[in-house]
Amino acid sequence: MSLSILNNKETILYPNSQFERRVILQYYLDNDIEIDKEERKILLKCIAVEPESIGIIGCLLNDKTHLNTLRLAIGSMNKSNSKLANLATKYLEELSIEKADNYYYVEKDFDEFTDIEKDVESVYNIVYFPY
């Protein structure tokens, strides 16, 4: 199996391919592979509900959007993947979790959330506010 996001677009985008998707994403993270424009487009469409994959997607995208800030916040809390946690924490240094959190809780109406935003925001709440 080729571990390319581009060659495994369906695996990345298919909701029930969590394990296979994480293997591919972890390969990119472990090998410090930078994504290209086409891979970025695929990751921006990816609906993931597992915290580790969400965090890795945040690191691979490494953009400054509110959504990606929440992805990185999720990644920074990962206990079993130190590379993910450290990289997400590093990328968060220039960002404000508080601003991203405020955007999704105050400024943007829940009815306007995309499916991706709903999933990331839901996992963020579980990871950051477990009780």
# chains A, B, ... in the order shown; residues from 1 in each chain; ligands from 1

$ residues_around --residues "region 30-44 of chain A" --least-positions-apart "5" --cutoff "8 Å" --atoms "only C-alpha atoms" --output "count of residues only"
9

$ residues_around --residues "Tyr91 (chain A)" --least-positions-apart "3" --cutoff "8 Å" --atoms "only C-alpha atoms" --output "ChimeraX atom specification"
/A:59,62,72,87-88,94-95

$ residues_around --residues "Glu98 (chain A)" --least-positions-apart "5" --cutoff "12 Å" --atoms "only C-alpha atoms" --output "list in words"
His66, Thr69, Leu70, Ala73, Leu92, Tyr103, Tyr104, Tyr105 and Val106 of chain A

$ atom_distance --atom1 "CA of Ser82 (chain A)" --atom2 "CA of Glu121 (chain A)"
22.3 Å

$ closest_residue --among "A:Ser2, A:Ile47, A:Asn16, A:Arg21" --to "Val123 (chain A)" --atoms "only C-alpha atoms"
A:Ile47

$ closest_residue --among "A:Gln26, A:Ser76, A:Thr11, A:Ser122" --to "Asp101 (chain A)" --atoms "only C-alpha atoms"
A:Ser122

$ atom_distance --atom1 "CA of Lys45 (chain A)" --atom2 "CA of Gly58 (chain A)"
12.5 Å

$ atom_distance --atom1 "CA of Thr65 (chain A)" --atom2 "CA of Thr114 (chain A)"
14.2 Å
